[in-house]
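Novice: Sending over a structure as C-alpha cells; questions will come in a sec.
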Amino acid sequence: MSSGSFVDVPKDLLKEIKRLEELFTVDTAKLKQITDHFVNELEKGLSKEGGTIPMNPTWVMSFPTGYETGTFLALDMGGTNLRVCQITLTEQKSEFDIIQSKYRMPEELKTGVAEDLWEYIAECLLQFIQTHHGDVSKLDKIPLGFTFSYPATQNYIDEGILQRWTKGFDIDGVEGHNVVPMFEKALKERGVPIKLTALINDTTGTLIASAYTDTKMKIGCIFGTGCNAAYMEDCGSIPKLEHLNLPPDTPMAINCEWGAFDNEHKVLPQTPYDQSIDSDSPRPGQQAFEKMIAGLYLGEIFRLIMVDLHDNHDVNIFSGQDIGKLRRPYTLDSSFLSAIEDDPFENLSETRELFQNQLGIDPNQSELELIRRTAELIGTRAARLSACGVAAISKKKGYKECHVGADGSVFNKYPHFKKRGAAALREILDWPEKADPNDDDPIEILAAEDGSGVGAALIAALTLERVKKGNMHGILHPENFQ
C-alpha cells in the first residue's frame, strides 16, 4: 500500500502519510551505506582498542558435526520462566531427544537477595533430576550448559561476570561479579549432581543448535524483544585475542551484541520519534540499532507518532476523543502492530476494534488508513534495517551462500518480516532476479533451532570434547572437566 492508493483520504491526512513515508523509507543506497559502516564497526569491535559493538569471544571453538552424543542438561534463566531441559544427543546424525520443565521465576526473587535466587534455581534443578533420575546420591555429575542471557564478560567459557542486570532483575552484589561460583555454591549446598560446563548467551546457542541440524548455517540471529547475532570468526582475525597466541585458523564463535551498532548516529536514519525513544529510555545513547528494530520499541514508535499527530499537527487525528490510554509510554507492544498488519478486511474493521478495545478510541476510515500505513512503515523499516546486520557479517566473512538461523517473536510472528528482510538482502548484495520465484536465495534467513536448550547442551558437549583433545583455551577450572 502506498500513499497513491488512498482515494478517499483527506488532503491534510495524505500530506502526513507522505511525510511519514519520507521519514521511514530506507532506500537501497541507504541500506548499502549502513551495511558498509556495519562491516567496519564489526572489525572495530574485534580490534585491540574495541568499538561500540562489543564482539564478545564466547570460547565456543567449533561448529558441531551432527555426530555428538551424550546426555546433557540445559538451564535457561529468562525474565519470566526458568526452563530446565535434559537433552540426549543420539547416535542418529543431527537428532536429539528432549525432556523439559518450566518453573515460574517469582517476581520477588528478581529484586531480592542473590542467595535466594541461586537457591531457588538449585532447588528447581534438584526437583528436575529427582523426577527423571530418582536418587541423586547415586548419580555421577551431569554436565550442564547454562544460558545466561544478560550482558556478561567471559574470559572463560565457565565464567560470566555480569555487566548489568536486564529483564526486570535488580539484585545487589551481582553486577561486576562472576555468577558461576554463586551458582555452584547453591548446587553444592543442596547436593545437586551437576557440573557447570559452559555459560552461554542464547544467540550463540541459536547459532550452534541451528548448525547441528543444518550444516549450511553460518549465522545465528535473534529478532525479538531485543536483537543480536553470533557467527564463527577465525582467531587470526581477532586482534584483541592476539596475546593468547591461538592458532590463527582456530574458529571462535563471536557474540556480537549488535544492538549497540551506530550509537554515534553516523548512518542510521533516525526520525524525531526515534530520538524521543532514546532520550526517554533508561540508557540514552545506547543500543541505537536495537531501538529501531526490536519488538520492545516498535509499538512505542507507533504510539509516539499517533500522539504527535493528535497534538501537534493540523490534522488533529482522533479529534474530540480522550487519548489518555494512548499517552501511556510502552502500552503498545509489537503484537499490536502485528494485529494491524494482519487485518484482512478492506474496511480495517479488526484494527478499529483493536483501537476501541485497547485504547478507547474510535478511528474513522481515513484514520484507519493512516494507522495501517504507519504500522507498515515501521514494520518494513525494522525488517530492512535488520537485513543490514546479516549482510554485514556475510560481506565480512565472504559468505556468498549460506543459511542464517533466526529466532525471536518479531521474526517468528510479525507479518511479512521475513519477506521484507529477504527483499532488502537482495538489494544490498545485488543478487540477480530469480528465474523461478520458488528458487532459494543465495543467503536464506530461516527459523532457528532451540538455542537456549539444545544449543546450550551442544556447547557443553563441544566443550567437553575439545578439553578431552587437550584444547584448554578459555577454561577457568580444568578440574571440573576431568
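Ligands are numbered from 1 in the order shown, chains are lettered A, B, ... in the order of the C-alpha cells, and residues start at 1 in each chain.
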Residues of stretch 385-482 of chain A within 9 Å of stretch 71-74 of chain A: nearest atom pair and distance (Å, one decimal) for each, counting only C-alpha atoms, sorted by chain and number, as a Markdown table?
Specialist:
```
| residue | atom | partner | partner_atom | distance |
| --- | --- | --- | --- | --- |
| A:Ser452 | CA | A:Ala74 | CA | 7.5 |
| A:Gly453 | CA | A:Ala74 | CA | 5.4 |
| A:Val454 | CA | A:Ala74 | CA | 7.4 |
| A:Gly455 | CA | A:Ala74 | CA | 8.5 |
| A:Ala456 | CA | A:Ala74 | CA | 5.7 |
| A:Ala457 | CA | A:Phe72 | CA | 5.5 |
| A:Leu458 | CA | A:Phe72 | CA | 8.1 |
| A:Ala460 | CA | A:Phe72 | CA | 7.4 |
| A:Ala461 | CA | A:Phe72 | CA | 7.5 |
```
Novice: For N, CA, C and O atoms, I'd like the residues from the last selection saved as a PDB file, in the first residue's frame.
Specialist:
```pdb
ATOM      1  N   SER A 452      18.530 -21.884  23.435  1.00  0.00           N
ATOM      2  CA  SER A 452      18.817 -21.854  24.869  1.00  0.00           C
ATOM      3  C   SER A 452      18.721 -23.240  25.502  1.00  0.00           C
ATOM      4  O   SER A 452      19.224 -23.466  26.588  1.00  0.00           O
ATOM      5  N   GLY A 453      18.100 -24.211  24.798  1.00  0.00           N
ATOM      6  CA  GLY A 453      18.032 -25.584  25.300  1.00  0.00           C
ATOM      7  C   GLY A 453      19.048 -26.466  24.597  1.00  0.00           C
ATOM      8  O   GLY A 453      20.119 -26.769  25.122  1.00  0.00           O
ATOM      9  N   VAL A 454      18.719 -26.840  23.368  1.00  0.00           N
ATOM     10  CA  VAL A 454      19.592 -27.727  22.584  1.00  0.00           C
ATOM     11  C   VAL A 454      20.959 -27.078  22.359  1.00  0.00           C
ATOM     12  O   VAL A 454      22.003 -27.728  22.470  1.00  0.00           O
ATOM     13  N   GLY A 455      20.963 -25.771  22.073  1.00  0.00           N
ATOM     14  CA  GLY A 455      22.232 -25.059  21.835  1.00  0.00           C
ATOM     15  C   GLY A 455      23.152 -25.114  23.046  1.00  0.00           C
ATOM     16  O   GLY A 455      24.348 -25.376  22.929  1.00  0.00           O
ATOM     17  N   ALA A 456      22.570 -24.902  24.231  1.00  0.00           N
ATOM     18  CA  ALA A 456      23.380 -24.927  25.461  1.00  0.00           C
ATOM     19  C   ALA A 456      23.958 -26.317  25.710  1.00  0.00           C
ATOM     20  O   ALA A 456      25.120 -26.475  26.090  1.00  0.00           O
ATOM     21  N   ALA A 457      23.145 -27.350  25.480  1.00  0.00           N
ATOM     22  CA  ALA A 457      23.609 -28.731  25.672  1.00  0.00           C
ATOM     23  C   ALA A 457      24.729 -29.065  24.684  1.00  0.00           C
ATOM     24  O   ALA A 457      25.739 -29.685  25.049  1.00  0.00           O
ATOM     25  N   LEU A 458      24.556 -28.641  23.437  1.00  0.00           N
ATOM     26  CA  LEU A 458      25.583 -28.900  22.423  1.00  0.00           C
ATOM     27  C   LEU A 458      26.899 -28.214  22.760  1.00  0.00           C
ATOM     28  O   LEU A 458      27.975 -28.782  22.580  1.00  0.00           O
ATOM     29  N   ALA A 460      27.947 -27.490  25.722  1.00  0.00           N
ATOM     30  CA  ALA A 460      28.544 -28.290  26.804  1.00  0.00           C
ATOM     31  C   ALA A 460      29.271 -29.501  26.203  1.00  0.00           C
ATOM     32  O   ALA A 460      30.412 -29.810  26.564  1.00  0.00           O
ATOM     33  N   ALA A 461      28.634 -30.166  25.238  1.00  0.00           N
ATOM     34  CA  ALA A 461      29.227 -31.347  24.590  1.00  0.00           C
ATOM     35  C   ALA A 461      30.511 -30.985  23.844  1.00  0.00           C
ATOM     36  O   ALA A 461      31.538 -31.662  23.966  1.00  0.00           O
TER      37      ALA A 461
END
```
Novice: Report as a count of residues only all protein, DNA and RNA residues lying within 7 Å of A:Thr204, evaluated on only C-alpha atoms, omitting residues in the same chain fewer than 4 positions from it.
Specialist: 5
Novice: Would you mind telling me which residue in A:Ala198, A:Leu162, A:Leu187, A:Leu23 lies nearest to A:Trp118 when using only C-alpha atoms?
Specialist: A:Leu187
Novice: Ranking A:Ala422, A:Leu196, A:Ile323, A:Ile34 by minimum distance to A:Asp262 and counting only C-alpha atoms, which one comes first?
Specialist: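 Of all the options, A:Ile34 lies closest to A:Asp262.
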Novice: Identify, with DSSP run on backbone atoms, the residues in stretch 30-259 of chain A assigned to strand (DSSP E or B), and express the list as a PyMOL selection string.
Specialist: chain A and resi 56-57+70-77+81-89+96-104+142-147+152-153+161-162+178+194-200+217-223+227-234+251-255
Novice: Pull the helix (DSSP H, G or I) assignments for stretch 356-442 of chain A out of DSSP run on the backbone, and list those residues as a PDB file with N, CA, C and O atoms, in the first residue's frame.
Specialist:
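The resulting file, part08.pdb, is reproduced below:
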```pdb
ATOM      1  N   GLN A 356     -10.666   0.417  19.696  1.00  0.00           N
ATOM      2  CA  GLN A 356     -11.786   0.601  20.629  1.00  0.00           C
ATOM      3  C   GLN A 356     -11.534  -0.150  21.937  1.00  0.00           C
ATOM      4  O   GLN A 356     -11.667   0.400  23.032  1.00  0.00           O
ATOM      5  N   ASN A 357     -11.099  -1.426  21.805  1.00  0.00           N
ATOM      6  CA  ASN A 357     -10.939  -2.271  22.998  1.00  0.00           C
ATOM      7  C   ASN A 357      -9.732  -1.908  23.843  1.00  0.00           C
ATOM      8  O   ASN A 357      -9.799  -1.904  25.060  1.00  0.00           O
ATOM      9  N   GLN A 358      -8.611  -1.632  23.180  1.00  0.00           N
ATOM     10  CA  GLN A 358      -7.381  -1.410  23.949  1.00  0.00           C
ATOM     11  C   GLN A 358      -7.155   0.035  24.346  1.00  0.00           C
ATOM     12  O   GLN A 358      -6.527   0.319  25.349  1.00  0.00           O
ATOM     13  N   LEU A 359      -7.663   0.965  23.520  1.00  0.00           N
ATOM     14  CA  LEU A 359      -7.323   2.376  23.752  1.00  0.00           C
ATOM     15  C   LEU A 359      -8.540   3.265  23.985  1.00  0.00           C
ATOM     16  O   LEU A 359      -8.394   4.453  24.278  1.00  0.00           O
ATOM     17  N   GLN A 365     -12.590   6.115   9.015  1.00  0.00           N
ATOM     18  CA  GLN A 365     -11.993   5.305   7.944  1.00  0.00           C
ATOM     19  C   GLN A 365     -10.643   5.865   7.470  1.00  0.00           C
ATOM     20  O   GLN A 365      -9.694   5.124   7.264  1.00  0.00           O
ATOM     21  N   SER A 366     -10.563   7.172   7.328  1.00  0.00           N
ATOM     22  CA  SER A 366      -9.298   7.779   6.867  1.00  0.00           C
ATOM     23  C   SER A 366      -8.198   7.576   7.894  1.00  0.00           C
ATOM     24  O   SER A 366      -7.043   7.299   7.551  1.00  0.00           O
ATOM     25  N   GLU A 367      -8.557   7.704   9.165  1.00  0.00           N
ATOM     26  CA  GLU A 367      -7.566   7.493  10.228  1.00  0.00           C
ATOM     27  C   GLU A 367      -7.097   6.041  10.256  1.00  0.00           C
ATOM     28  O   GLU A 367      -5.921   5.758  10.507  1.00  0.00           O
ATOM     29  N   LEU A 368      -8.017   5.119   9.951  1.00  0.00           N
ATOM     30  CA  LEU A 368      -7.637   3.699   9.900  1.00  0.00           C
ATOM     31  C   LEU A 368      -6.610   3.458   8.790  1.00  0.00           C
ATOM     32  O   LEU A 368      -5.671   2.683   8.956  1.00  0.00           O
ATOM     33  N   GLU A 369      -6.788   4.142   7.649  1.00  0.00           N
ATOM     34  CA  GLU A 369      -5.816   4.005   6.543  1.00  0.00           C
ATOM     35  C   GLU A 369      -4.437   4.520   6.990  1.00  0.00           C
ATOM     36  O   GLU A 369      -3.406   3.923   6.696  1.00  0.00           O
ATOM     37  N   LEU A 370      -4.447   5.647   7.706  1.00  0.00           N
ATOM     38  CA  LEU A 370      -3.200   6.217   8.222  1.00  0.00           C
ATOM     39  C   LEU A 370      -2.546   5.258   9.224  1.00  0.00           C
ATOM     40  O   LEU A 370      -1.331   5.042   9.200  1.00  0.00           O
ATOM     41  N   ILE A 371      -3.374   4.668  10.089  1.00  0.00           N
ATOM     42  CA  ILE A 371      -2.881   3.723  11.105  1.00  0.00           C
ATOM     43  C   ILE A 371      -2.208   2.524  10.435  1.00  0.00           C
ATOM     44  O   ILE A 371      -1.091   2.130  10.790  1.00  0.00           O
ATOM     45  N   ARG A 372      -2.889   1.972   9.430  1.00  0.00           N
ATOM     46  CA  ARG A 372      -2.352   0.800   8.721  1.00  0.00           C
ATOM     47  C   ARG A 372      -1.025   1.145   8.039  1.00  0.00           C
ATOM     48  O   ARG A 372      -0.050   0.410   8.133  1.00  0.00           O
ATOM     49  N   ARG A 373      -1.000   2.301   7.358  1.00  0.00           N
ATOM     50  CA  ARG A 373       0.220   2.677   6.637  1.00  0.00           C
ATOM     51  C   ARG A 373       1.379   2.909   7.609  1.00  0.00           C
ATOM     52  O   ARG A 373       2.523   2.547   7.333  1.00  0.00           O
ATOM     53  N   THR A 374       1.079   3.505   8.759  1.00  0.00           N
ATOM     54  CA  THR A 374       2.128   3.771   9.761  1.00  0.00           C
ATOM     55  C   THR A 374       2.723   2.454  10.276  1.00  0.00           C
ATOM     56  O   THR A 374       3.938   2.308  10.388  1.00  0.00           O
ATOM     57  N   ALA A 375       1.855   1.482  10.556  1.00  0.00           N
ATOM     58  CA  ALA A 375       2.338   0.167  11.024  1.00  0.00           C
ATOM     59  C   ALA A 375       3.216  -0.483   9.959  1.00  0.00           C
ATOM     60  O   ALA A 375       4.296  -1.015  10.257  1.00  0.00           O
ATOM     61  N   GLU A 376       2.770  -0.400   8.691  1.00  0.00           N
ATOM     62  CA  GLU A 376       3.563  -0.984   7.596  1.00  0.00           C
ATOM     63  C   GLU A 376       4.941  -0.331   7.503  1.00  0.00           C
ATOM     64  O   GLU A 376       5.951  -1.012   7.310  1.00  0.00           O
ATOM     65  N   LEU A 377       4.976   0.973   7.644  1.00  0.00           N
ATOM     66  CA  LEU A 377       6.252   1.697   7.521  1.00  0.00           C
ATOM     67  C   LEU A 377       7.219   1.312   8.633  1.00  0.00           C
ATOM     68  O   LEU A 377       8.409   1.090   8.387  1.00  0.00           O
ATOM     69  N   ILE A 378       6.706   1.197   9.862  1.00  0.00           N
ATOM     70  CA  ILE A 378       7.572   0.858  10.999  1.00  0.00           C
ATOM     71  C   ILE A 378       8.055  -0.588  10.875  1.00  0.00           C
ATOM     72  O   ILE A 378       9.241  -0.885  11.068  1.00  0.00           O
ATOM     73  N   GLY A 379       7.144  -1.506  10.532  1.00  0.00           N
ATOM     74  CA  GLY A 379       7.495  -2.930  10.398  1.00  0.00           C
ATOM     75  C   GLY A 379       8.464  -3.163   9.251  1.00  0.00           C
ATOM     76  O   GLY A 379       9.400  -3.958   9.356  1.00  0.00           O
ATOM     77  N   THR A 380       8.244  -2.445   8.140  1.00  0.00           N
ATOM     78  CA  THR A 380       9.113  -2.610   6.966  1.00  0.00           C
ATOM     79  C   THR A 380      10.509  -2.079   7.261  1.00  0.00           C
ATOM     80  O   THR A 380      11.516  -2.716   6.943  1.00  0.00           O
ATOM     81  N   ARG A 381      10.571  -0.907   7.899  1.00  0.00           N
ATOM     82  CA  ARG A 381      11.881  -0.339   8.222  1.00  0.00           C
ATOM     83  C   ARG A 381      12.669  -1.288   9.134  1.00  0.00           C
ATOM     84  O   ARG A 381      13.871  -1.518   8.928  1.00  0.00           O
ATOM     85  N   ALA A 382      11.994  -1.855  10.139  1.00  0.00           N
ATOM     86  CA  ALA A 382      12.675  -2.771  11.072  1.00  0.00           C
ATOM     87  C   ALA A 382      13.259  -3.964  10.323  1.00  0.00           C
ATOM     88  O   ALA A 382      14.418  -4.344  10.537  1.00  0.00           O
ATOM     89  N   ALA A 383      12.481  -4.551   9.416  1.00  0.00           N
ATOM     90  CA  ALA A 383      12.947  -5.736   8.675  1.00  0.00           C
ATOM     91  C   ALA A 383      14.118  -5.370   7.765  1.00  0.00           C
ATOM     92  O   ALA A 383      15.104  -6.109   7.652  1.00  0.00           O
ATOM     93  N   ARG A 384      14.028  -4.216   7.107  1.00  0.00           N
ATOM     94  CA  ARG A 384      15.084  -3.811   6.165  1.00  0.00           C
ATOM     95  C   ARG A 384      16.380  -3.464   6.904  1.00  0.00           C
ATOM     96  O   ARG A 384      17.473  -3.831   6.461  1.00  0.00           O
ATOM     97  N   LEU A 385      16.276  -2.792   8.038  1.00  0.00           N
ATOM     98  CA  LEU A 385      17.489  -2.482   8.803  1.00  0.00           C
ATOM     99  C   LEU A 385      18.118  -3.757   9.365  1.00  0.00           C
ATOM    100  O   LEU A 385      19.343  -3.889   9.415  1.00  0.00           O
ATOM    101  N   SER A 386      17.278  -4.709   9.794  1.00  0.00           N
ATOM    102  CA  SER A 386      17.792  -5.994  10.304  1.00  0.00           C
ATOM    103  C   SER A 386      18.681  -6.668   9.262  1.00  0.00           C
ATOM    104  O   SER A 386      19.715  -7.257   9.589  1.00  0.00           O
ATOM    105  N   ALA A 387      18.240  -6.590   8.001  1.00  0.00           N
ATOM    106  CA  ALA A 387      18.988  -7.238   6.914  1.00  0.00           C
ATOM    107  C   ALA A 387      20.397  -6.661   6.779  1.00  0.00           C
ATOM    108  O   ALA A 387      21.319  -7.358   6.340  1.00  0.00           O
ATOM    109  N   CYS A 388      20.589  -5.398   7.174  1.00  0.00           N
ATOM    110  CA  CYS A 388      21.928  -4.779   7.071  1.00  0.00           C
ATOM    111  C   CYS A 388      22.946  -5.531   7.936  1.00  0.00           C
ATOM    112  O   CYS A 388      24.101  -5.705   7.538  1.00  0.00           O
ATOM    113  N   GLY A 389      22.518  -5.963   9.118  1.00  0.00           N
ATOM    114  CA  GLY A 389      23.415  -6.706  10.007  1.00  0.00           C
ATOM    115  C   GLY A 389      23.811  -8.051   9.410  1.00  0.00           C
ATOM    116  O   GLY A 389      24.993  -8.438   9.420  1.00  0.00           O
ATOM    117  N   VAL A 390      22.817  -8.759   8.879  1.00  0.00           N
ATOM    118  CA  VAL A 390      23.079 -10.070   8.258  1.00  0.00           C
ATOM    119  C   VAL A 390      24.004  -9.891   7.052  1.00  0.00           C
ATOM    120  O   VAL A 390      24.975 -10.630   6.869  1.00  0.00           O
ATOM    121  N   ALA A 391      23.720  -8.860   6.240  1.00  0.00           N
ATOM    122  CA  ALA A 391      24.550  -8.596   5.055  1.00  0.00           C
ATOM    123  C   ALA A 391      25.981  -8.241   5.461  1.00  0.00           C
ATOM    124  O   ALA A 391      26.954  -8.648   4.809  1.00  0.00           O
ATOM    125  N   ALA A 392      26.119  -7.491   6.565  1.00  0.00           N
ATOM    126  CA  ALA A 392      27.455  -7.063   7.011  1.00  0.00           C
ATOM    127  C   ALA A 392      28.318  -8.256   7.417  1.00  0.00           C
ATOM    128  O   ALA A 392      29.482  -8.357   7.020  1.00  0.00           O
ATOM    129  N   ILE A 393      27.752  -9.186   8.196  1.00  0.00           N
ATOM    130  CA  ILE A 393      28.520 -10.383   8.578  1.00  0.00           C
ATOM    131  C   ILE A 393      28.856 -11.199   7.333  1.00  0.00           C
ATOM    132  O   ILE A 393      29.985 -11.675   7.164  1.00  0.00           O
ATOM    133  N   SER A 394      27.881 -11.334   6.421  1.00  0.00           N
ATOM    134  CA  SER A 394      28.114 -12.115   5.192  1.00  0.00           C
ATOM    135  C   SER A 394      29.235 -11.491   4.360  1.00  0.00           C
ATOM    136  O   SER A 394      30.096 -12.192   3.834  1.00  0.00           O
ATOM    137  N   LYS A 395      29.242 -10.161   4.252  1.00  0.00           N
ATOM    138  CA  LYS A 395      30.300  -9.480   3.482  1.00  0.00           C
ATOM    139  C   LYS A 395      31.650  -9.625   4.176  1.00  0.00           C
ATOM    140  O   LYS A 395      32.664  -9.917   3.545  1.00  0.00           O
ATOM    141  N   LYS A 396      31.647  -9.437   5.485  1.00  0.00           N
ATOM    142  CA  LYS A 396      32.903  -9.525   6.246  1.00  0.00           C
ATOM    143  C   LYS A 396      33.530 -10.897   6.075  1.00  0.00           C
ATOM    144  O   LYS A 396      34.740 -11.034   5.919  1.00  0.00           O
ATOM    145  N   LYS A 397      32.710 -11.939   6.114  1.00  0.00           N
ATOM    146  CA  LYS A 397      33.211 -13.317   6.050  1.00  0.00           C
ATOM    147  C   LYS A 397      33.304 -13.842   4.616  1.00  0.00           C
ATOM    148  O   LYS A 397      33.744 -14.964   4.395  1.00  0.00           O
ATOM    149  N   SER A 409      10.421 -13.327  18.760  1.00  0.00           N
ATOM    150  CA  SER A 409       8.998 -13.100  18.487  1.00  0.00           C
ATOM    151  C   SER A 409       8.771 -12.285  17.215  1.00  0.00           C
ATOM    152  O   SER A 409       7.830 -12.534  16.469  1.00  0.00           O
ATOM    153  N   VAL A 410       9.614 -11.294  16.946  1.00  0.00           N
ATOM    154  CA  VAL A 410       9.400 -10.457  15.768  1.00  0.00           C
ATOM    155  C   VAL A 410       9.633 -11.293  14.503  1.00  0.00           C
ATOM    156  O   VAL A 410       8.825 -11.286  13.574  1.00  0.00           O
ATOM    157  N   PHE A 411      10.720 -12.059  14.486  1.00  0.00           N
ATOM    158  CA  PHE A 411      10.996 -12.900  13.312  1.00  0.00           C
ATOM    159  C   PHE A 411       9.890 -13.939  13.111  1.00  0.00           C
ATOM    160  O   PHE A 411       9.430 -14.163  11.991  1.00  0.00           O
ATOM    161  N   ASN A 412       9.465 -14.577  14.192  1.00  0.00           N
ATOM    162  CA  ASN A 412       8.507 -15.680  14.072  1.00  0.00           C
ATOM    163  C   ASN A 412       7.067 -15.232  13.858  1.00  0.00           C
ATOM    164  O   ASN A 412       6.289 -15.930  13.218  1.00  0.00           O
ATOM    165  N   LYS A 413       6.705 -14.065  14.401  1.00  0.00           N
ATOM    166  CA  LYS A 413       5.282 -13.710  14.417  1.00  0.00           C
ATOM    167  C   LYS A 413       4.902 -12.448  13.666  1.00  0.00           C
ATOM    168  O   LYS A 413       3.748 -12.240  13.354  1.00  0.00           O
ATOM    169  N   PHE A 417       7.720  -9.938   7.961  1.00  0.00           N
ATOM    170  CA  PHE A 417       9.080  -9.590   8.386  1.00  0.00           C
ATOM    171  C   PHE A 417      10.124 -10.359   7.563  1.00  0.00           C
ATOM    172  O   PHE A 417      11.097  -9.780   7.082  1.00  0.00           O
ATOM    173  N   LYS A 418       9.886 -11.668   7.389  1.00  0.00           N
ATOM    174  CA  LYS A 418      10.855 -12.497   6.650  1.00  0.00           C
ATOM    175  C   LYS A 418      10.978 -12.026   5.202  1.00  0.00           C
ATOM    176  O   LYS A 418      12.070 -11.890   4.662  1.00  0.00           O
ATOM    177  N   LYS A 419       9.808 -11.797   4.580  1.00  0.00           N
ATOM    178  CA  LYS A 419       9.790 -11.420   3.158  1.00  0.00           C
ATOM    179  C   LYS A 419      10.474 -10.064   2.944  1.00  0.00           C
ATOM    180  O   LYS A 419      11.256  -9.878   2.011  1.00  0.00           O
ATOM    181  N   ARG A 420      10.193  -9.107   3.824  1.00  0.00           N
ATOM    182  CA  ARG A 420      10.795  -7.774   3.699  1.00  0.00           C
ATOM    183  C   ARG A 420      12.303  -7.816   3.934  1.00  0.00           C
ATOM    184  O   ARG A 420      13.069  -7.126   3.268  1.00  0.00           O
ATOM    185  N   GLY A 421      12.716  -8.643   4.901  1.00  0.00           N
ATOM    186  CA  GLY A 421      14.149  -8.795   5.178  1.00  0.00           C
ATOM    187  C   GLY A 421      14.869  -9.410   3.979  1.00  0.00           C
ATOM    188  O   GLY A 421      15.958  -8.971   3.591  1.00  0.00           O
ATOM    189  N   ALA A 422      14.234 -10.418   3.373  1.00  0.00           N
ATOM    190  CA  ALA A 422      14.829 -11.103   2.213  1.00  0.00           C
ATOM    191  C   ALA A 422      14.959 -10.132   1.031  1.00  0.00           C
ATOM    192  O   ALA A 422      15.975 -10.130   0.321  1.00  0.00           O
ATOM    193  N   ALA A 423      13.944  -9.301   0.830  1.00  0.00           N
ATOM    194  CA  ALA A 423      13.987  -8.327  -0.274  1.00  0.00           C
ATOM    195  C   ALA A 423      15.138  -7.338  -0.069  1.00  0.00           C
ATOM    196  O   ALA A 423      15.868  -7.000  -1.010  1.00  0.00           O
ATOM    197  N   ALA A 424      15.332  -6.909   1.183  1.00  0.00           N
ATOM    198  CA  ALA A 424      16.417  -5.961   1.471  1.00  0.00           C
ATOM    199  C   ALA A 424      17.782  -6.594   1.250  1.00  0.00           C
ATOM    200  O   ALA A 424      18.699  -5.966   0.699  1.00  0.00           O
ATOM    201  N   LEU A 425      17.929  -7.867   1.657  1.00  0.00           N
ATOM    202  CA  LEU A 425      19.210  -8.579   1.440  1.00  0.00           C
ATOM    203  C   LEU A 425      19.547  -8.613  -0.052  1.00  0.00           C
ATOM    204  O   LEU A 425      20.693  -8.405  -0.449  1.00  0.00           O
ATOM    205  N   ARG A 426      18.527  -8.911  -0.870  1.00  0.00           N
ATOM    206  CA  ARG A 426      18.711  -8.971  -2.326  1.00  0.00           C
ATOM    207  C   ARG A 426      19.228  -7.625  -2.857  1.00  0.00           C
ATOM    208  O   ARG A 426      20.145  -7.574  -3.671  1.00  0.00           O
ATOM    209  N   GLU A 427      18.647  -6.527  -2.342  1.00  0.00           N
ATOM    210  CA  GLU A 427      19.063  -5.188  -2.800  1.00  0.00           C
ATOM    211  C   GLU A 427      20.498  -4.871  -2.362  1.00  0.00           C
ATOM    212  O   GLU A 427      21.306  -4.377  -3.147  1.00  0.00           O
ATOM    213  N   ILE A 428      20.811  -5.191  -1.109  1.00  0.00           N
ATOM    214  CA  ILE A 428      22.144  -4.840  -0.575  1.00  0.00           C
ATOM    215  C   ILE A 428      23.235  -5.628  -1.304  1.00  0.00           C
ATOM    216  O   ILE A 428      24.293  -5.095  -1.642  1.00  0.00           O
TER     217      ILE A 428
END
```
Novice: Nearest residue to A:Gln33 out of A:Lys266, A:His416, A:Arg303, A:Arg104, using only C-alpha atoms?
Specialist: A:Lys266
Novice: Expressed in Å to a single decimal, how great is the separation between atom CA of A:Gly259 and atom CA of A:Thr35?
Specialist: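 So the answer is 14.2 Å.
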